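Peer 1: My structure file data.csv, CSV, C-alpha atoms and all ligand atoms, is below:
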chain,number,residue,atom,x,y,z
A,230,MET,CA,100.2,106.2,101.9
A,231,LEU,CA,103.4,106.8,103.9
A,232,LEU,CA,105.3,105.9,100.8
A,233,LEU,CA,103.5,108.5,98.8
A,234,VAL,CA,104.3,111.2,101.3
A,235,CYS,CA,107.9,110.3,101.4
A,236,CYS,CA,108.3,110.4,97.7
A,237,LEU,CA,106.4,113.5,97.1
A,238,SER,CA,108.5,115.3,99.7
A,239,LEU,CA,111.6,113.9,98.1
A,240,ALA,CA,110.5,115.0,94.7
A,241,GLY,CA,109.8,118.5,96.1
A,242,SER,CA,113.3,118.9,97.4
A,243,SER,CA,115.0,117.5,94.4
A,244,ALA,CA,115.8,120.8,92.8
A,245,THR,CA,118.3,121.6,95.5
A,246,ASN,CA,119.6,118.2,96.6
A,247,PRO,CA,121.0,115.8,93.9
A,248,ALA,CA,121.1,112.9,96.4
A,249,HIS,CA,117.3,113.3,97.0
A,250,ALA,CA,116.7,113.8,93.3
A,251,GLN,CA,118.5,110.5,92.6
A,252,VAL,CA,116.2,108.7,95.1
A,253,ALA,CA,113.2,110.3,93.5
A,254,LEU,CA,114.3,109.4,90.0
A,255,GLY,CA,115.1,105.9,91.1
A,256,TRP,CA,111.5,105.6,92.4
A,257,GLN,CA,110.1,106.7,89.1
A,258,LEU,CA,112.4,104.2,87.3
A,259,LEU,CA,111.4,101.3,89.5
A,260,ALA,CA,107.9,101.7,88.2
A,261,ASP,CA,108.8,102.5,84.5
A,262,ARG,CA,108.1,99.8,82.0
A,263,ARG,CA,110.0,101.7,79.3
A,264,LEU,CA,113.2,100.4,80.9
A,265,ALA,CA,112.4,96.9,79.5
A,266,LEU,CA,113.6,96.3,75.9
A,267,ARG,CA,110.1,95.4,74.9
A,268,GLY,CA,108.6,98.2,77.0
A,269,ASP,CA,106.4,95.8,78.9
A,270,LEU,CA,107.8,95.1,82.3
A,271,ALA,CA,108.9,97.2,85.3
A,272,CYS,CA,111.0,96.3,88.3
A,273,LEU,CA,107.9,96.7,90.5
A,274,ASP,CA,105.9,94.2,88.4
A,275,CYS,CA,108.0,91.5,90.1
A,276,HIS,CA,109.0,93.4,93.2
A,277,GLN,CA,105.5,94.5,94.2
A,278,PRO,CA,105.3,96.9,97.2
A,279,THR,CA,102.1,95.3,98.5
A,280,ARG,CA,103.9,91.9,98.6
A,281,GLY,CA,107.0,93.1,100.5
A,282,TYR,CA,108.6,93.8,97.1
A,283,THR,CA,108.2,90.2,95.9
A,284,ASP,CA,105.6,88.7,93.5
A,285,GLY,CA,103.9,85.8,95.2
A,286,ARG,CA,105.2,83.3,92.6
A,287,SER,CA,107.4,80.3,93.3
A,288,VAL,CA,109.8,81.4,90.6
A,289,ALA,CA,109.7,84.5,88.4
A,290,THR,CA,111.1,83.1,85.1
A,291,GLU,CA,112.7,80.1,83.5
A,292,ASP,CA,115.8,80.9,85.5
A,293,GLY,CA,113.9,79.1,88.3
A,294,LEU,CA,114.6,81.7,90.9
A,295,ASN,CA,112.2,83.1,93.5
A,296,THR,CA,111.9,86.9,93.6
A,297,PRO,CA,113.6,88.2,96.8
A,298,THR,CA,112.5,91.3,98.7
A,299,LEU,CA,114.2,94.7,98.0
A,300,HIS,CA,114.1,95.5,101.7
A,301,ALA,CA,117.2,95.3,103.9
A,302,LEU,CA,119.7,95.7,101.1
A,303,ALA,CA,121.3,98.9,102.3
A,304,GLY,CA,123.9,97.2,104.5
A,305,ARG,CA,124.7,94.2,102.2
A,306,SER,CA,127.8,93.6,100.2
A,307,SER,CA,126.5,90.6,98.1
A,308,PHE,CA,123.3,90.4,96.2
A,309,GLY,CA,121.2,87.7,94.5
A,310,TRP,CA,120.8,84.1,95.5
A,311,PHE,CA,123.9,82.7,93.8
A,312,THR,CA,126.0,85.6,92.8
A,313,PRO,CA,128.5,86.2,95.6
A,314,ASP,CA,130.8,87.9,93.0
A,315,VAL,CA,128.4,90.8,92.5
A,316,ARG,CA,129.5,93.2,95.2
A,317,SER,CA,127.5,96.3,94.6
A,318,LEU,CA,123.8,97.1,94.3
A,319,GLU,CA,124.6,99.3,91.3
A,320,ALA,CA,126.1,96.3,89.5
A,321,PHE,CA,123.3,94.0,90.5
A,322,VAL,CA,120.4,96.1,89.2
A,323,LEU,CA,121.9,95.9,85.7
A,324,ARG,CA,121.3,92.1,85.7
A,325,PRO,CA,117.5,92.1,85.4
A,326,LEU,CA,117.9,95.0,82.8
A,327,ASP,CA,120.3,92.8,80.8
A,328,ASN,CA,118.6,89.4,81.3
A,329,PRO,CA,116.5,88.5,78.2
A,330,ARG,CA,114.1,86.5,80.4
A,331,GLU,CA,113.5,89.7,82.5
A,332,MET,CA,113.8,93.2,81.0
A,333,GLY,CA,116.8,92.8,78.7
A,334,PRO,CA,119.1,92.5,77.0
A,335,LEU,CA,120.5,95.9,77.6
A,336,SER,CA,120.4,98.2,74.5
A,337,ASP,CA,120.1,101.8,73.7
A,338,LEU,CA,116.4,101.6,72.9
A,339,PRO,CA,115.0,102.0,76.4
A,340,LEU,CA,117.5,104.9,77.0
A,341,GLU,CA,116.2,106.6,73.8
A,342,ARG,CA,112.6,106.4,75.1
A,343,LEU,CA,113.7,108.2,78.2
A,344,ARG,CA,115.8,110.7,76.3
A,345,ASN,CA,112.8,111.7,74.3
A,346,ASP,CA,110.8,112.5,77.4
A,347,PRO,CA,111.3,116.0,78.7
A,348,ALA,CA,110.2,115.1,82.2
A,349,MET,CA,112.9,112.4,82.3
A,350,GLN,CA,115.5,114.9,80.9
A,351,ARG,CA,114.7,117.2,83.9
A,352,ALA,CA,114.7,114.3,86.4
A,353,TYR,CA,118.1,113.1,85.3
A,354,ALA,CA,119.5,116.7,85.2
A,355,ALA,CA,118.3,117.3,88.8
A,356,ALA,CA,119.9,114.0,89.9
A,357,TYR,CA,123.1,114.4,88.0
A,358,PRO,CA,123.7,118.2,87.6
A,359,ASN,CA,127.3,117.7,86.5
A,360,THR,CA,126.7,114.8,84.1
A,361,PRO,CA,123.0,114.9,83.1
A,362,ALA,CA,123.3,112.3,80.3
A,363,ILE,CA,120.7,109.5,80.4
A,364,THR,CA,122.9,106.4,80.6
A,365,TRP,CA,122.6,102.9,82.0
A,366,GLN,CA,125.2,103.9,84.6
A,367,ALA,CA,123.2,106.8,85.9
A,368,THR,CA,120.0,104.7,85.7
A,369,ALA,CA,121.6,101.9,87.8
A,370,GLN,CA,122.8,104.5,90.4
A,371,ALA,CA,119.4,106.0,90.8
A,372,LEU,CA,117.7,102.5,91.1
A,373,ALA,CA,120.2,101.5,93.8
A,374,ALA,CA,119.7,104.8,95.7
A,375,ALA,CA,115.9,104.3,95.7
A,376,ILE,CA,116.3,100.7,96.9
A,377,ARG,CA,118.7,101.7,99.7
A,378,ASN,CA,116.2,104.3,100.8
A,379,LEU,CA,113.1,102.0,100.9
A,380,PRO,CA,111.3,102.6,104.2
A,381,THR,CA,111.9,99.7,106.7
A,382,PRO,CA,108.7,97.7,107.0
A,383,PRO,CA,106.8,98.3,110.2
A,384,ARG,CA,107.1,95.6,112.8
A,385,ALA,CA,104.4,94.8,115.3
A,386,PRO,CA,105.4,94.3,119.0
A,387,LEU,CA,106.2,90.6,119.6
A,388,SER,CA,103.4,88.5,121.0
A,389,PRO,CA,104.2,86.1,123.8
A,390,ALA,CA,104.4,83.3,121.2
A,391,ALA,CA,106.7,85.3,119.0
A,392,GLN,CA,108.9,86.0,122.0
A,393,ARG,CA,109.2,82.3,122.7
A,394,GLY,CA,109.9,81.8,119.0
A,395,GLN,CA,112.7,84.4,119.1
A,396,ALA,CA,114.4,82.6,122.0
A,397,LEU,CA,114.1,79.3,120.1
A,398,PHE,CA,115.6,81.0,117.0
A,399,VAL,CA,118.7,81.6,119.0
A,400,GLU,CA,118.7,78.3,120.9
A,401,LEU,CA,118.3,76.2,117.8
A,402,GLY,CA,121.2,77.9,116.0
A,403,CYS,CA,119.1,79.7,113.4
A,404,ALA,CA,121.0,82.9,114.5
A,405,GLY,CA,124.3,81.2,113.6
A,406,CYS,CA,123.5,82.0,110.0
A,407,HIS,CA,120.7,84.7,110.3
A,408,GLN,CA,122.4,87.5,112.1
A,409,GLY,CA,122.1,91.2,113.0
A,410,ALA,CA,119.1,93.5,112.6
A,411,THR,CA,118.1,91.9,109.2
A,412,LEU,CA,118.8,88.3,110.3
A,413,SER,CA,121.0,87.7,107.3
A,414,SER,CA,124.6,87.4,106.5
A,415,GLU,CA,126.9,87.5,103.5
A,416,ALA,CA,127.7,83.8,103.8
A,417,HIS,CA,126.7,81.5,101.0
A,418,LEU,CA,125.7,78.0,102.2
A,419,TYR,CA,124.1,74.9,100.8
A,420,THR,CA,121.2,74.0,103.1
A,421,GLY,CA,119.8,71.2,101.0
A,422,VAL,CA,116.8,73.2,99.6
A,423,SER,CA,117.3,71.9,96.0
A,424,ALA,CA,119.2,68.8,94.8
A,425,ASN,CA,121.8,71.1,93.2
A,426,PRO,CA,124.4,71.6,95.9
A,427,GLN,CA,125.0,75.3,95.0
A,428,PRO,CA,125.6,77.5,98.0
A,429,ALA,CA,122.8,80.2,98.4
A,430,ARG,CA,123.2,83.5,100.1
A,431,VAL,CA,121.6,83.7,103.5
A,432,PRO,CA,118.6,85.9,102.9
A,433,ALA,CA,117.4,88.7,105.2
A,434,LEU,CA,114.3,87.6,107.3
A,435,VAL,CA,112.2,90.8,106.8
A,436,ALA,CA,108.6,91.4,105.8
A,437,LEU,CA,108.2,87.6,105.8
A,438,ALA,CA,104.4,87.7,106.3
A,439,ASN,CA,104.1,89.2,102.8
A,440,THR,CA,106.9,87.5,100.9
A,441,GLY,CA,106.0,83.8,100.4
A,442,PRO,CA,106.7,81.4,98.8
A,443,TYR,CA,110.1,81.0,100.4
A,444,PHE,CA,113.6,79.7,99.5
A,445,HIS,CA,115.5,80.4,96.3
A,446,ASP,CA,113.3,78.0,94.3
A,447,GLY,CA,110.0,78.9,96.1
A,448,SER,CA,109.7,75.4,97.3
A,449,ALA,CA,108.3,76.3,100.7
A,450,ALA,CA,104.8,77.7,100.3
A,451,THR,CA,104.4,78.9,103.9
A,452,LEU,CA,106.6,79.7,106.9
A,453,THR,CA,105.3,76.5,108.5
A,454,ASP,CA,106.8,74.6,105.5
A,455,VAL,CA,110.1,76.5,106.2
A,456,VAL,CA,110.2,75.4,109.8
A,457,ARG,CA,109.2,71.8,108.9
A,458,PHE,CA,112.2,71.8,106.5
A,459,TYR,CA,114.6,72.8,109.3
A,460,GLN,CA,112.8,70.4,111.7
A,461,ARG,CA,113.6,67.4,109.5
A,462,GLY,CA,117.2,68.6,109.0
A,463,GLY,CA,116.7,69.7,105.4
A,464,ASN,CA,115.7,67.4,102.6
A,465,ALA,CA,116.8,63.8,103.2
A,466,GLY,CA,119.4,62.3,100.9
A,467,THR,CA,121.2,65.5,100.0
A,468,ALA,CA,125.0,65.4,100.3
A,469,GLY,CA,127.2,68.3,101.1
A,470,VAL,CA,124.7,70.2,103.3
A,471,SER,CA,126.1,72.7,105.8
A,472,ARG,CA,126.9,71.4,109.2
A,473,GLY,CA,124.4,73.9,110.7
A,474,ILE,CA,121.5,71.9,109.3
A,475,THR,CA,120.6,68.9,111.4
A,476,PRO,CA,117.2,67.5,112.5
A,477,LEU,CA,115.6,69.4,115.3
A,478,LEU,CA,113.5,67.9,118.1
A,479,LEU,CA,110.6,70.3,118.2
A,480,THR,CA,107.1,70.1,119.8
A,481,GLU,CA,104.1,71.3,117.7
A,482,ALA,CA,103.8,74.3,120.1
A,483,GLU,CA,107.5,75.1,119.4
A,484,VAL,CA,106.9,74.9,115.6
A,485,GLU,CA,104.0,77.4,116.1
A,486,ASP,CA,106.1,79.7,118.2
A,487,LEU,CA,108.9,79.8,115.6
A,488,VAL,CA,106.3,80.6,112.9
A,489,ALA,CA,104.8,83.4,115.0
A,490,PHE,CA,108.3,84.9,115.4
A,491,LEU,CA,109.0,84.6,111.6
A,492,MET,CA,105.6,86.2,110.9
A,493,SER,CA,106.4,89.1,113.1
A,494,ARG,CA,109.5,90.0,111.1
B,1,LIG,C1,110.7,89.0,86.1
B,1,LIG,C2,110.7,89.4,87.4
B,1,LIG,C3,111.7,90.5,87.9
B,1,LIG,C4,111.9,91.7,87.4
B,1,LIG,C5,111.2,92.4,86.2
B,1,LIG,C6,113.0,92.3,88.2
B,1,LIG,N1,113.4,91.4,89.1
B,1,LIG,FE1,114.7,91.8,90.6
B,1,LIG,N2,114.8,89.9,91.0
B,1,LIG,C7,114.0,88.9,90.5
B,1,LIG,C8,114.5,87.6,90.8
B,1,LIG,C9,114.0,86.3,90.4
B,1,LIG,C10,115.7,87.8,91.6
B,1,LIG,C11,116.7,86.8,92.1
B,1,LIG,C12,117.8,86.8,91.0
B,1,LIG,C13,119.1,86.2,91.5
B,1,LIG,O1,119.2,85.8,92.6
B,1,LIG,O2,120.0,86.1,90.6
B,1,LIG,C14,115.8,89.3,91.7
B,1,LIG,C15,116.7,89.9,92.5
B,1,LIG,C16,116.9,91.3,92.6
B,1,LIG,C17,117.8,91.9,93.6
B,1,LIG,C18,118.7,91.3,94.6
B,1,LIG,C19,117.9,91.2,95.9
B,1,LIG,C20,118.7,90.5,97.0
B,1,LIG,O3,118.1,90.1,98.0
B,1,LIG,O4,120.0,90.4,96.9
B,1,LIG,C21,117.6,93.3,93.3
B,1,LIG,C22,118.4,94.4,94.1
B,1,LIG,C23,116.7,93.4,92.3
B,1,LIG,N3,116.2,92.2,91.9
B,1,LIG,C24,116.3,94.6,91.8
B,1,LIG,C25,115.6,94.7,90.6
B,1,LIG,C26,115.4,95.9,89.8
B,1,LIG,C27,116.0,97.3,90.2
B,1,LIG,C28,114.7,95.7,88.7
B,1,LIG,C29,114.3,96.6,87.6
B,1,LIG,C30,115.4,97.1,86.9
B,1,LIG,C31,114.3,94.3,88.9
B,1,LIG,N4,114.9,93.7,90.0
B,1,LIG,C32,113.5,93.6,88.0
B,1,LIG,C33,112.9,89.1,89.7
B,1,LIG,C34,112.7,90.3,89.0
B,2,LIG,C1,123.6,76.9,108.1
B,2,LIG,C2,123.0,78.2,107.9
B,2,LIG,C3,121.5,78.4,108.2
B,2,LIG,C4,120.9,78.0,109.4
B,2,LIG,C5,121.4,77.3,110.6
B,2,LIG,C6,119.5,78.4,109.2
B,2,LIG,N1,119.3,79.0,108.0
B,2,LIG,FE1,117.6,79.8,107.3
B,2,LIG,N2,118.5,80.1,105.5
B,2,LIG,C7,119.8,79.8,105.2
B,2,LIG,C8,120.0,79.9,103.8
B,2,LIG,C9,121.4,79.7,103.0
B,2,LIG,C10,118.8,80.2,103.2
B,2,LIG,C11,118.5,80.2,101.7
B,2,LIG,C12,118.3,78.8,101.3
B,2,LIG,C13,117.8,78.6,99.8
B,2,LIG,O1,116.9,79.2,99.5
B,2,LIG,O2,118.5,77.8,99.1
B,2,LIG,C14,117.8,80.3,104.3
B,2,LIG,C15,116.5,80.6,104.2
B,2,LIG,C16,115.6,80.8,105.2
B,2,LIG,C17,114.3,81.3,105.1
B,2,LIG,C18,113.6,81.7,103.8
B,2,LIG,C19,113.7,83.2,103.6
B,2,LIG,C20,113.1,83.6,102.2
B,2,LIG,O3,112.9,84.8,102.1
B,2,LIG,O4,113.0,82.8,101.3
B,2,LIG,C21,113.7,81.4,106.4
B,2,LIG,C22,112.3,81.9,106.8
B,2,LIG,C23,114.7,80.8,107.3
B,2,LIG,N3,115.9,80.5,106.6
B,2,LIG,C24,114.6,80.6,108.7
B,2,LIG,C25,115.5,79.9,109.4
B,2,LIG,C26,115.1,79.3,110.7
B,2,LIG,C27,113.8,79.5,111.4
B,2,LIG,C28,116.2,78.6,111.1
B,2,LIG,C29,116.4,77.8,112.4
B,2,LIG,C30,115.5,76.7,112.6
B,2,LIG,C31,117.2,78.8,110.1
B,2,LIG,N4,116.7,79.5,109.1
B,2,LIG,C32,118.5,78.2,110.1
B,2,LIG,C33,120.8,79.5,106.1
B,2,LIG,C34,120.6,79.0,107.4
Reformat the file's structure so that it appears as structure tokens.
Ligand code: HEC
Ligand code: HEC
Peer 2:
Amino acid sequence: MLLLVCCLSLAGSSATNPAHAQVALGWQLLADRRLALRGDLACLDCHQPTRGYTDGRSVATEDGLNTPTLHALAGRSSFGWFTPDVRSLEAFVLRPLDNPREMGPLSDLPLERLRNDPAMQRAYAAAYPNTPAITWQATAQALAAAIRNLPTPPRAPLSPAAQRGQALFVELGCAGCHQGATLSSEAHLYTGVSANPQPARVPALVALANTGPYFHDGSAATLTDVVRFYQRGGNAGTAGVSRGITPLLLTEAEVEDLVAFLMSR
């Protein structure tokens, strides 16, 4: 409901403010299946608002990657699980559009569909009064603007258990990697989640109650599974794991407190 109010009011002011018009256009595009080459898939089919902008699946495609949330990206400088080289949101959003296992590959066909739609011509013209052409560049810019302006998910006040969990999160060294308001960082580290020792980006811990399964391969079904993973010091037998990952001595009550804290995020 809140979302609707925000976007209607943005759309309403779009005639006078190109920045707002870009966000409003981006919102429309996130939901628009015409952007896919086959016209059958929208960003929000995988990044579902009711699931914290994820899809509830372990992995989305044969690429074997779990769909991350679109929350908490405004302050980031790296995107995706394994793509530290992609340094802007505008560049990243072209990847699903180009990936043949997602919405791609990129071609002129989706743009032609939009160009033939008078409502889209008006929306692009409002967002880009000086260069109103319907291009992939303008499309990526609008998508990025909408994602940066996603409302922050509401957070309940911390229960006593969640407060104890928060203190543990710091004591146990979780905060060494998960930092700041979004409990993330730009670091890429191998924590032993999968046997492939490829460093993954430290994800933001936001909207976690809605975004399971967890980890880049969706291998943790629940937040309890995540905490168990850290409790046993990652998966046994994996070499090259970051020094921050070692077995933790935790009581069952402490496991529950940590889960309560993660659930509150
Ligand atoms: C088939 C499901 C699917 C579709 C459709 C899809 N995504 Fe994603 N999205 C994913 C997966 C899986 C990843 C992780 C990819 C990676 O790490 O390389 C991802 C990652 C992202 C990220 C990076 C998030 C982060 O935490 O760094 C952004 C931004 C994003 N997608 C935006 C979009 C946009 C915009 C669209 C539409 C143009 C879109 N996605 C369409 C599944 C999807
Ligand atoms: C050495 C750095 C490091 C430490 C210490 C660390 N994490 Fe992580 N965390 C990561 C990385 C990297 C990932 C992504 C791993 C992957 O998917 O391959 C991650 C993933 C997660 C996720 C899954 C998020 C999602 O959306 O899939 C949760 C939850 C989490 N960590 C909580 C914790 C807790 C709780 C602790 C402390 C017990 C902790 N982390 C300690 C680096 C760290």
Peer 1: Kindly assemble as a tab-separated table a list of the segment 253-363 of chain A residues that lie within 10 Å of segment 407-428 of chain A, each paired with its nearest atom pair and their distance in Å to one decimal, using all atoms listed in the file, sorted first by chain and then by ascending residue number.
Peer 2:
residue	atom	partner	partner_atom	distance
A:His300	CA	A:Thr411	CA	9.2
A:Ala301	CA	A:Thr411	CA	6.4
A:Leu302	CA	A:Thr411	CA	9.1
A:Gly304	CA	A:Thr411	CA	9.2
A:Arg305	CA	A:Glu415	CA	7.2
A:Ser306	CA	A:Glu415	CA	7.0
A:Ser307	CA	A:Glu415	CA	6.2
A:Phe308	CA	A:Glu415	CA	8.6
A:Trp310	CA	A:His417	CA	8.5
A:Phe311	CA	A:Pro428	CA	6.9
A:Thr312	CA	A:His417	CA	9.2
A:Pro313	CA	A:His417	CA	7.4
Peer 1: Write a file of the just-selected residues containing C-alpha atoms, as an mmCIF file, in the coordinates of the input.
Peer 2:
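After the write, result35.cif holds the following:
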data_model
loop_
_atom_site.group_PDB
_atom_site.id
_atom_site.type_symbol
_atom_site.label_atom_id
_atom_site.label_comp_id
_atom_site.auth_asym_id
_atom_site.auth_seq_id
_atom_site.Cartn_x
_atom_site.Cartn_y
_atom_site.Cartn_z
ATOM 1 C CA HIS A 300 114.100 95.500 101.700
ATOM 2 C CA ALA A 301 117.200 95.300 103.900
ATOM 3 C CA LEU A 302 119.700 95.700 101.100
ATOM 4 C CA GLY A 304 123.900 97.200 104.500
ATOM 5 C CA ARG A 305 124.700 94.200 102.200
ATOM 6 C CA SER A 306 127.800 93.600 100.200
ATOM 7 C CA SER A 307 126.500 90.600 98.100
ATOM 8 C CA PHE A 308 123.300 90.400 96.200
ATOM 9 C CA TRP A 310 120.800 84.100 95.500
ATOM 10 C CA PHE A 311 123.900 82.700 93.800
ATOM 11 C CA THR A 312 126.000 85.600 92.800
ATOM 12 C CA PRO A 313 128.500 86.200 95.600
#
Peer 1: Output as JSON lines one row per residue of chain A within 7 Å of ligand LIG 1 (chain B): the closest atom pair and its distance in Å to one decimal place, counting only C-alpha atoms and all ligand atoms, sorted by chain and residue number ascending.
Peer 2:
{"residue": "A:Leu259", "atom": "CA", "partner": "B:LIG1", "partner_atom": "C29", "distance": 5.8}
{"residue": "A:Leu270", "atom": "CA", "partner": "B:LIG1", "partner_atom": "C5", "distance": 5.8}
{"residue": "A:Ala271", "atom": "CA", "partner": "B:LIG1", "partner_atom": "C5", "distance": 5.4}
{"residue": "A:Cys272", "atom": "CA", "partner": "B:LIG1", "partner_atom": "C29", "distance": 3.4}
{"residue": "A:Leu273", "atom": "CA", "partner": "B:LIG1", "partner_atom": "C32", "distance": 6.9}
{"residue": "A:Asp274", "atom": "CA", "partner": "B:LIG1", "partner_atom": "C5", "distance": 6.0}
{"residue": "A:Cys275", "atom": "CA", "partner": "B:LIG1", "partner_atom": "C2", "distance": 4.4}
{"residue": "A:His276", "atom": "CA", "partner": "B:LIG1", "partner_atom": "N1", "distance": 6.3}
{"residue": "A:Val288", "atom": "CA", "partner": "B:LIG1", "partner_atom": "C9", "distance": 6.5}
{"residue": "A:Ala289", "atom": "CA", "partner": "B:LIG1", "partner_atom": "C9", "distance": 5.1}
{"residue": "A:Thr290", "atom": "CA", "partner": "B:LIG1", "partner_atom": "C1", "distance": 6.0}
{"residue": "A:Leu294", "atom": "CA", "partner": "B:LIG1", "partner_atom": "C9", "distance": 4.7}
{"residue": "A:Asn295", "atom": "CA", "partner": "B:LIG1", "partner_atom": "C9", "distance": 4.8}
{"residue": "A:Thr296", "atom": "CA", "partner": "B:LIG1", "partner_atom": "C9", "distance": 3.9}
{"residue": "A:Pro297", "atom": "CA", "partner": "B:LIG1", "partner_atom": "O3", "distance": 5.0}
{"residue": "A:Thr298", "atom": "CA", "partner": "B:LIG1", "partner_atom": "O3", "distance": 5.8}
{"residue": "A:Leu299", "atom": "CA", "partner": "B:LIG1", "partner_atom": "C19", "distance": 5.5}
{"residue": "A:Leu302", "atom": "CA", "partner": "B:LIG1", "partner_atom": "O3", "distance": 6.6}
{"residue": "A:Ser307", "atom": "CA", "partner": "B:LIG1", "partner_atom": "O4", "distance": 6.6}
{"residue": "A:Phe308", "atom": "CA", "partner": "B:LIG1", "partner_atom": "O4", "distance": 3.4}
{"residue": "A:Gly309", "atom": "CA", "partner": "B:LIG1", "partner_atom": "O1", "distance": 3.3}
{"residue": "A:Trp310", "atom": "CA", "partner": "B:LIG1", "partner_atom": "O1", "distance": 3.7}
{"residue": "A:Phe311", "atom": "CA", "partner": "B:LIG1", "partner_atom": "O1", "distance": 5.8}
{"residue": "A:Thr312", "atom": "CA", "partner": "B:LIG1", "partner_atom": "O2", "distance": 6.4}
{"residue": "A:Leu318", "atom": "CA", "partner": "B:LIG1", "partner_atom": "C22", "distance": 6.0}
{"residue": "A:Phe321", "atom": "CA", "partner": "B:LIG1", "partner_atom": "C22", "distance": 6.1}
{"residue": "A:Val322", "atom": "CA", "partner": "B:LIG1", "partner_atom": "C27", "distance": 4.7}
{"residue": "A:Leu323", "atom": "CA", "partner": "B:LIG1", "partner_atom": "C30", "distance": 6.7}
{"residue": "A:Pro325", "atom": "CA", "partner": "B:LIG1", "partner_atom": "C32", "distance": 5.0}
{"residue": "A:Leu326", "atom": "CA", "partner": "B:LIG1", "partner_atom": "C30", "distance": 5.2}
{"residue": "A:Glu331", "atom": "CA", "partner": "B:LIG1", "partner_atom": "C1", "distance": 4.6}
{"residue": "A:Met332", "atom": "CA", "partner": "B:LIG1", "partner_atom": "C5", "distance": 5.9}
{"residue": "A:Leu372", "atom": "CA", "partner": "B:LIG1", "partner_atom": "C27", "distance": 5.5}
{"residue": "A:Ala373", "atom": "CA", "partner": "B:LIG1", "partner_atom": "C27", "distance": 6.9}
{"residue": "A:Pro432", "atom": "CA", "partner": "B:LIG1", "partner_atom": "O3", "distance": 6.5}
Peer 1: May I have the residues within 6 Å of ligand LIG 2 (chain B), computed using only C-alpha atoms and all ligand atoms, as a ChimeraX atom specification?
Peer 2: /A:398,401-403,405-406,417-420,422,429-432,434,443-445,455-456,459,471,473-474
Peer 1: Let me make sure I understand: among A:Ala369, A:Ala355, A:Leu264, A:Leu477, which one has the smallest atom-to-atom distance to Ala250 of chain A if we use only C-alpha atoms?
Peer 2: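 Using only C-alpha atoms, Ala250 of chain A sits closest to A:Ala355.
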Peer 1: Using only C-alpha atoms, which residues sit within 8 Å of Arg393 of chain A once same-chain residues fewer than 5 positions away are excluded, as an MDAnalysis selection string?
Peer 2: chainID A and resid 486:487 490
Peer 1: Considering only C-alpha atoms, state which residue in the set A:Gln251, A:Ser493, A:Thr279, A:Ser287 is at the smallest distance from Asp446 of chain A.
Peer 2: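 Checking each of A:Gln251, A:Ser493, A:Thr279, A:Ser287 against Asp446 of chain A, counting only C-alpha atoms, the winner is A:Ser287.
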Peer 1: Which is closest to Arg384 of chain A among A:Leu335, A:Val435, A:Ala260, A:Val315, if we use only C-alpha atoms?
Peer 2: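 Using only C-alpha atoms, the shortest distance to Arg384 of chain A belongs to A:Val435.
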Peer 1: Any idea what's packed within 10 Å of Val252 of chain A, counting only C-alpha atoms, ignoring anything in its chain fewer than 2 positions away? Could you give it as a compact mmCIF listing (two decimals) with C-alpha atoms, in the coordinates of the input?
Peer 2:
# COMPACT_ATOMS: atom_id res chain seq x y z
CA CYS A 236 108.30 110.40 97.70
CA LEU A 239 111.60 113.90 98.10
CA ALA A 240 110.50 115.00 94.70
CA SER A 243 115.00 117.50 94.40
CA PRO A 247 121.00 115.80 93.90
CA ALA A 248 121.10 112.90 96.40
CA HIS A 249 117.30 113.30 97.00
CA ALA A 250 116.70 113.80 93.30
CA LEU A 254 114.30 109.40 90.00
CA GLY A 255 115.10 105.90 91.10
CA TRP A 256 111.50 105.60 92.40
CA GLN A 257 110.10 106.70 89.10
CA LEU A 258 112.40 104.20 87.30
CA ALA A 356 119.90 114.00 89.90
CA GLN A 370 122.80 104.50 90.40
CA ALA A 371 119.40 106.00 90.80
CA LEU A 372 117.70 102.50 91.10
CA ALA A 373 120.20 101.50 93.80
CA ALA A 374 119.70 104.80 95.70
CA ALA A 375 115.90 104.30 95.70
CA ILE A 376 116.30 100.70 96.90
CA ARG A 377 118.70 101.70 99.70
CA ASN A 378 116.20 104.30 100.80
CA LEU A 379 113.10 102.00 100.90
Peer 1: Between A:Asp292, A:Thr440, A:Leu343, A:Tyr353, single out the one closest to Asn328 of chain A, counting only C-alpha atoms.
Peer 2: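 Smallest separation from Asn328 of chain A among the options: A:Asp292.
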Peer 1: Starting from the incomplete input, reconstruct N, CA and C atoms of segment 319-324 of chain A and report them as a short mmCIF file (atom, residue, chain, number, x, y, z; two decimals), in the coordinates of the input.
Peer 2:
data_model
loop_
_atom_site.label_atom_id
_atom_site.label_comp_id
_atom_site.auth_asym_id
_atom_site.auth_seq_id
_atom_site.Cartn_x
_atom_site.Cartn_y
_atom_site.Cartn_z
N GLU A 319 124.56 98.68 92.62
CA GLU A 319 124.60 99.30 91.30
C GLU A 319 124.86 98.26 90.22
N ALA A 320 125.79 97.36 90.50
CA ALA A 320 126.10 96.30 89.50
C ALA A 320 124.95 95.31 89.44
N PHE A 321 124.33 94.99 90.57
CA PHE A 321 123.30 94.00 90.50
C PHE A 321 122.08 94.41 89.72
N VAL A 322 121.67 95.67 89.88
CA VAL A 322 120.40 96.10 89.20
C VAL A 322 120.53 96.07 87.70
N LEU A 323 121.74 96.04 87.18
CA LEU A 323 121.90 95.90 85.70
C LEU A 323 121.56 94.50 85.24
N ARG A 324 121.56 93.53 86.16
CA ARG A 324 121.30 92.10 85.70
C ARG A 324 119.91 91.91 85.22
#
